[in-house]
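A.B. asks: My structure file work.txt, compact mmCIF, C-alpha atoms, is below:
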```txt
# COMPACT_ATOMS: atom_id res chain seq x y z
CA MET A 1 69.08 136.31 96.16
CA PHE A 2 70.10 135.07 92.72
CA GLU A 3 72.96 133.15 94.26
CA ALA A 4 70.64 131.48 96.78
CA ILE A 5 68.16 130.39 94.09
CA ALA A 6 70.98 129.04 91.90
CA PHE A 7 72.56 127.24 94.85
CA TYR A 8 69.34 125.48 95.88
CA VAL A 9 68.44 124.54 92.30
CA PHE A 10 71.91 123.15 91.59
CA SER A 11 72.13 121.25 94.88
CA ALA A 12 68.68 119.67 94.43
CA LEU A 13 69.47 118.66 90.85
CA THR A 14 72.92 117.29 91.74
CA ILE A 15 71.63 115.26 94.66
CA VAL A 16 68.77 113.80 92.60
CA MET A 17 71.08 112.94 89.70
CA PHE A 18 73.66 111.23 91.89
CA TYR A 19 70.93 109.39 93.78
CA VAL A 20 69.67 108.04 90.45
CA THR A 21 73.25 107.05 89.54
CA VAL A 22 73.71 105.10 92.75
CA THR A 23 70.33 103.35 92.83
CA THR A 24 69.48 102.51 89.21
CA ASN A 25 70.11 99.04 87.79
CA ASN A 26 70.55 100.20 84.22
CA ALA A 27 74.13 101.20 83.41
CA LEU A 28 73.06 103.60 80.66
CA TYR A 29 70.71 105.51 83.00
CA ALA A 30 73.52 105.67 85.55
CA LEU A 31 75.96 107.04 82.95
CA SER A 32 73.55 109.75 81.76
CA ALA A 33 72.60 110.75 85.30
CA LEU A 34 76.28 110.94 86.28
CA ALA A 35 77.06 113.17 83.28
CA ALA A 36 74.17 115.48 84.19
CA GLY A 37 75.35 115.64 87.81
CA MET A 38 78.86 116.58 86.67
CA ILE A 39 77.46 119.46 84.60
CA PHE A 40 75.43 120.73 87.58
CA ILE A 41 78.55 120.57 89.75
CA SER A 42 80.31 122.88 87.30
CA GLY A 43 77.44 125.28 88.08
CA PHE A 44 78.59 125.28 91.72
CA PHE A 45 82.11 126.16 90.58
CA PHE A 46 80.89 129.12 88.54
CA LEU A 47 78.84 130.30 91.54
CA LEU A 48 81.99 130.17 93.68
CA ASP A 49 84.01 132.34 91.25
CA ALA A 50 86.18 129.40 90.20
CA ASP A 51 85.68 129.91 86.46
CA PHE A 52 88.72 127.89 85.43
CA LEU A 53 87.69 124.84 87.43
CA GLY A 54 84.14 125.13 86.12
CA VAL A 55 85.36 124.96 82.55
CA ILE A 56 87.79 122.13 83.41
CA GLN A 57 84.92 120.25 85.06
CA LEU A 58 82.84 120.58 81.90
CA ILE A 59 85.67 119.56 79.57
CA VAL A 60 87.32 116.81 81.61
CA TYR A 61 84.36 115.21 83.37
CA SER A 62 81.40 115.73 81.09
CA GLY A 63 83.63 115.52 78.02
CA ALA A 64 86.54 113.16 78.49
CA VAL A 65 85.61 110.92 81.43
CA MET A 66 82.02 110.35 80.32
CA ALA A 67 83.13 109.68 76.74
CA MET A 68 85.68 107.19 78.07
CA TYR A 69 83.00 105.39 80.12
CA ALA A 70 80.73 105.38 77.07
CA PHE A 71 83.47 103.82 74.94
CA GLY A 72 84.36 101.39 77.73
CA MET A 73 80.74 100.30 78.03
CA MET A 74 80.72 99.33 74.37
CA PHE A 75 82.93 96.38 75.34
CA PHE A 76 80.39 95.13 77.87
CA ASP A 77 76.84 94.03 77.43
CA SER A 78 75.76 97.16 79.27
CA THR A 79 72.01 96.64 78.91
CA LYS A 80 72.26 93.33 80.75
CA VAL A 81 71.19 93.78 84.37
CA VAL A 82 73.83 92.48 86.78
CA LYS A 83 72.12 90.44 89.47
CA GLU A 84 73.43 91.79 92.74
CA LYS A 85 73.38 89.63 95.81
CA THR A 86 71.33 91.19 98.60
CA HIS A 87 73.08 91.79 101.87
CA SER A 88 72.34 90.09 105.14
CA ALA A 89 70.70 92.15 107.90
CA ARG A 90 73.95 92.26 109.88
CA ASN A 91 75.85 93.80 106.95
CA VAL A 92 73.15 96.42 106.40
CA PHE A 93 73.30 97.34 110.08
CA ILE A 94 77.10 97.69 110.05
CA LEU A 95 77.09 99.78 106.86
CA THR A 96 74.34 102.07 108.18
CA ALA A 97 76.20 102.65 111.44
CA LEU A 98 79.43 103.32 109.52
CA SER A 99 77.75 105.89 107.24
CA ALA A 100 76.13 107.61 110.23
CA ILE A 101 79.49 107.91 111.99
CA ILE A 102 81.16 109.24 108.85
CA ILE A 103 78.46 111.86 108.15
CA VAL A 104 78.73 113.12 111.74
CA ALA A 105 82.51 113.33 111.35
CA ILE A 106 82.22 115.19 108.05
CA LEU A 107 79.69 117.67 109.42
CA THR A 108 81.65 118.40 112.61
CA ALA A 109 85.06 118.64 110.92
CA PRO A 110 84.53 122.27 109.73
CA VAL A 111 83.68 123.29 113.31
CA ILE A 112 86.90 121.78 114.61
CA ALA A 113 88.97 123.21 111.75
CA ASP A 114 87.58 126.70 112.23
CA ASN A 115 91.02 128.23 112.52
CA ALA A 116 92.09 127.39 108.96
CA GLN A 117 94.25 130.15 107.52
CA ALA A 118 94.64 131.45 104.00
CA LEU A 119 98.00 130.59 102.42
CA PHE A 120 97.85 132.13 98.96
CA GLN A 121 95.56 135.11 98.68
CA PRO A 122 94.62 135.98 95.10
CA PHE A 123 95.55 139.35 93.61
CA ALA A 124 92.44 141.48 93.63
CA ASP A 125 93.13 143.06 90.24
CA LYS A 126 93.65 139.77 88.35
CA GLY A 127 91.08 137.26 87.13
CA ASN A 128 90.62 133.74 88.46
CA VAL A 129 92.54 132.02 85.66
CA GLU A 130 95.51 134.37 85.95
CA ASN A 131 95.66 133.98 89.73
CA LEU A 132 95.45 130.21 89.45
CA GLY A 133 98.30 130.29 86.95
CA TYR A 134 100.48 132.28 89.33
CA VAL A 135 99.95 129.83 92.19
CA LEU A 136 100.14 126.70 90.04
CA PHE A 137 103.40 127.62 88.32
CA THR A 138 105.19 128.96 91.40
CA LYS A 139 104.15 127.15 94.59
CA TYR A 140 102.77 123.98 93.03
CA LEU A 141 105.13 123.50 90.08
CA ILE A 142 106.54 120.12 91.15
CA PRO A 143 103.11 118.57 91.90
CA PHE A 144 101.99 119.89 88.53
CA GLU A 145 104.88 118.14 86.75
CA LEU A 146 104.26 114.96 88.74
CA ALA A 147 100.60 115.07 87.72
CA ALA A 148 101.72 115.36 84.09
CA VAL A 149 103.95 112.27 84.48
CA MET A 150 101.09 110.43 86.23
CA LEU A 151 98.72 111.20 83.36
CA LEU A 152 101.32 109.91 80.88
CA VAL A 153 101.70 106.68 82.86
CA ALA A 154 97.93 106.31 83.05
CA MET A 155 97.62 106.82 79.29
CA ILE A 156 100.26 104.15 78.59
CA ALA A 157 98.57 101.80 81.07
CA GLY A 158 95.20 102.35 79.43
CA ILE A 159 96.60 101.64 75.97
CA VAL A 160 98.47 98.51 77.10
CA LEU A 161 95.54 97.11 79.10
CA ALA A 162 92.66 97.79 76.77
CA SER A 163 93.84 97.92 73.19
CA LYS A 164 95.67 94.61 72.93
CA LYS A 165 93.71 92.34 70.57
CA MET A 166 90.39 93.73 71.71
CA ASP A 167 88.27 91.48 69.50
CA ILE A 168 89.79 88.14 70.53
CA PRO A 169 88.71 86.41 73.77
CA LEU A 170 91.49 85.91 76.28
CA GLU A 171 91.62 82.09 76.01
CA LYS A 172 92.40 82.23 72.30
CA ASP A 173 94.81 85.04 72.95
CA ALA A 174 96.88 82.86 75.28
CA GLN A 175 97.22 79.97 72.84
CA MET B 1 72.51 134.31 102.13
CA ILE B 2 74.52 131.23 101.23
CA THR B 3 77.34 130.52 103.67
CA LEU B 4 80.24 128.10 103.64
CA ASN B 5 78.24 125.62 105.70
CA HIS B 6 75.58 125.31 103.00
CA TYR B 7 78.21 124.19 100.51
CA LEU B 8 79.87 121.86 103.00
CA ILE B 9 76.53 120.23 103.83
CA VAL B 10 75.82 119.64 100.13
CA ALA B 11 79.32 118.19 99.73
CA ALA B 12 78.74 115.91 102.74
CA VAL B 13 75.38 114.72 101.39
CA LEU B 14 76.93 113.95 97.99
CA PHE B 15 79.82 112.17 99.70
CA VAL B 16 77.43 109.96 101.66
CA ILE B 17 75.46 109.17 98.48
CA GLY B 18 78.70 108.11 96.80
CA MET B 19 79.76 106.09 99.83
CA ILE B 20 76.44 104.25 99.94
CA GLY B 21 77.02 103.44 96.29
CA VAL B 22 80.50 102.10 96.97
CA MET B 23 79.26 99.98 99.86
CA ARG B 24 76.11 98.41 98.48
CA ARG B 25 76.60 98.08 94.71
CA LYS B 26 78.14 94.90 93.33
CA ASN B 27 78.37 96.03 89.70
CA LEU B 28 81.97 97.16 89.14
CA LEU B 29 80.94 99.87 86.69
CA MET B 30 78.65 101.33 89.37
CA LEU B 31 81.57 101.27 91.80
CA PHE B 32 83.54 103.44 89.37
CA PHE B 33 80.61 105.84 89.06
CA SER B 34 80.35 106.05 92.85
CA THR B 35 84.06 106.81 93.08
CA GLU B 36 83.55 109.72 90.67
CA ILE B 37 80.75 111.01 92.91
CA LEU B 38 83.06 110.84 95.94
CA LEU B 39 85.83 112.77 94.17
CA ASN B 40 83.38 115.41 92.93
CA SER B 41 81.82 116.00 96.33
CA VAL B 42 85.28 116.59 97.79
CA ASN B 43 85.95 119.03 94.95
CA ILE B 44 82.88 121.07 95.89
CA GLY B 45 84.13 121.25 99.47
CA PHE B 46 87.59 122.37 98.40
CA VAL B 47 86.35 125.07 96.03
CA ALA B 48 83.84 126.40 98.57
CA LEU B 49 86.57 126.65 101.21
CA SER B 50 88.83 128.36 98.69
CA HIS B 51 86.12 130.93 97.95
CA TYR B 52 85.18 131.72 101.53
CA LEU B 53 88.74 131.79 102.92
CA ASN B 54 89.93 133.85 99.93
CA ASP B 55 92.69 131.31 99.30
CA LEU B 56 93.65 129.58 96.07
CA SER B 57 95.01 126.32 97.55
CA GLY B 58 91.57 124.72 97.54
CA GLN B 59 91.16 125.27 93.82
CA ILE B 60 94.65 123.86 93.17
CA PHE B 61 93.78 120.73 95.16
CA ALA B 62 90.52 120.35 93.23
CA PHE B 63 92.56 120.66 90.02
CA PHE B 64 94.88 117.83 91.06
CA ILE B 65 91.91 115.70 92.15
CA ILE B 66 90.45 116.07 88.65
CA ALA B 67 93.80 114.94 87.17
CA ILE B 68 93.86 111.91 89.49
CA ALA B 69 90.25 111.05 88.62
CA ALA B 70 91.08 111.14 84.91
CA SER B 71 94.01 108.73 85.28
CA GLU B 72 91.97 106.50 87.60
CA VAL B 73 89.31 106.14 84.90
CA ALA B 74 91.91 105.27 82.24
CA VAL B 75 93.59 102.52 84.26
CA GLY B 76 90.38 101.30 85.91
CA LEU B 77 88.48 100.90 82.67
CA GLY B 78 91.43 99.04 81.12
CA LEU B 79 91.43 96.59 84.02
CA LEU B 80 87.62 96.32 83.87
CA ILE B 81 87.74 95.40 80.17
CA LEU B 82 90.39 92.73 80.89
CA LEU B 83 88.22 91.36 83.72
CA TYR B 84 85.20 91.26 81.43
CA LYS B 85 87.19 89.36 78.79
CA ARG B 86 88.36 86.87 81.40
CA LYS B 87 85.17 86.32 83.44
CA ASN B 88 82.47 87.59 81.06
CA THR B 89 80.80 89.64 83.81
CA VAL B 90 81.33 92.85 85.79
CA ASP B 91 79.95 91.43 89.04
CA LEU B 92 82.18 92.08 92.05
CA ASP B 93 81.37 88.70 93.67
CA VAL B 94 82.91 86.83 90.72
CA ILE B 95 86.39 88.16 91.50
CA GLN B 96 86.17 86.71 94.98
CA ASN B 97 87.67 83.27 94.34
CA MET B 98 89.30 82.63 97.69
CA HIS B 99 86.61 81.30 100.03
CA GLY B 100 88.17 81.81 103.42
```
Kindly transcribe the structure held in the file into structure tokens.
C.D. replies:
Amino acid sequence: MFEAIAFYVFSALTIVMFYVTVTTNNALYALSALAAGMIFISGFFFLLDADFLGVIQLIVYSGAVMAMYAFGMMFFDSTKVVKEKTHSARNVFILTALSAIIIVAILTAPVIADNAQALFQPFADKGNVENLGYVLFTKYLIPFELAAVMLLVAMIAGIVLASKKMDIPLEKDAQ
Amino acid sequence: MITLNHYLIVAAVLFVIGMIGVMRRKNLLMLFFSTEILLNSVNIGFVALSHYLNDLSGQIFAFFIIAIAASEVAVGLGLLILLYKRKNTVDLDVIQNMHG
């Protein structure tokens, strides 16, 4: 009962927040709505007994990613409304058909993949974090190390791209 | 009683919201936001499957998706700032300079 109420509340809130993010013209509204949606998604994770991922979602998304967008938006005139060209009727028709096909595919995929099997069953006497640690550092050790290298590369790329003479326009920079 | 299908339907709805955002927005910042929505909806699907199949692989995949999303934001925002310095706008149509 409690789970059902929490599920419906979180799904309604998440859908509304992400709808606001997608439709609003104001970048600041979109940023705030996206942050709120991320927090509600961590509620799903706690409901599903994935405590570790819930905390990671809160720290990484609502903390780091949103802060990074906020800092990034300080370099733009984020209150200025970007005039977006409206689509022609043909484009709207194609995009609508494409989304309809994709939503049907997404909704029928679980039916087709009904025979999915469990690979790594968690130990019943250990908590979620401990179980995740066992799987991550035995079966998925190499992907984990690769992800670490990828994050390092991304950090270097971010520093090189963004921090070089931030205050000077590019034309003066080239001279 | 909440079943796996409930979670998968929510994930699908969120995915479609994100995809509509990717397809119809022209503001590059909004495109990044929509990409985050797409990644998050897939995460919900993975974690729900992991819970109902009693299998940890789904949570591991969600973990790696979060790592990929973080690095995507770092590189993407760097490129976006460079584009803004060069063109003074974040409109997607401005990048299109080959009129074929």
A.B. asks: I'd like the neighbourhood of region 59-67 of chain A as a list in words, where a residue qualifies if any of its atoms comes within 9 Å (using only C-alpha atoms), though same-chain residues fewer than 2 positions away should be ignored.
C.D. replies: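 So, after excluding close chain neighbours, the residues are Leu31, Ser32, Leu34, Ala35, Ala36, Met38, Ile39, Gly54, Val55, Ile56, Gln57, Tyr69, Ala70, Phe71 and Gly72 of chain A; Ile66, Ala67, Ala69, Ala70, Val73 and Ala74 of chain B.
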A.B. asks: Could the residues of chain B within 8 Å of chain A, counting only C-alpha atoms, be given as number ranges by chain, please?
C.D. replies: B: 1-2, 8-10, 12-14, 16-21, 23, 25-27, 29-30, 33-34, 37, 40, 44, 47-48, 51, 53-57, 59-60, 62-64, 66-68, 70-75, 77-79, 81-82, 84-86, 90-91
A.B. asks: Please indicate the distance in Å from CA of Phe61 (chain B) to CA of Phe46 (chain B), rounded to one decimal place.
C.D. replies: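 Interatomic distance here is 7.2 Å.
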A.B. asks: In Å, how far is it from CA of Leu49 (chain B) to CA of Leu146 (chain A)?
C.D. replies: 24.6 Å
A.B. asks: To one decimal place in Å, what is the distance between CA of Val94 (chain B) and CA of Arg90 (chain A)?
C.D. replies: 21.8 Å
A.B. asks: Select, from B:Leu31, B:Leu4, B:Gly45, B:Phe15, the residue with the minimum atom-to-atom distance to Leu80 (chain B), counting only C-alpha atoms.
C.D. replies: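 Checking each candidate against Leu80 (chain B), we get B:Leu31 as the closest.
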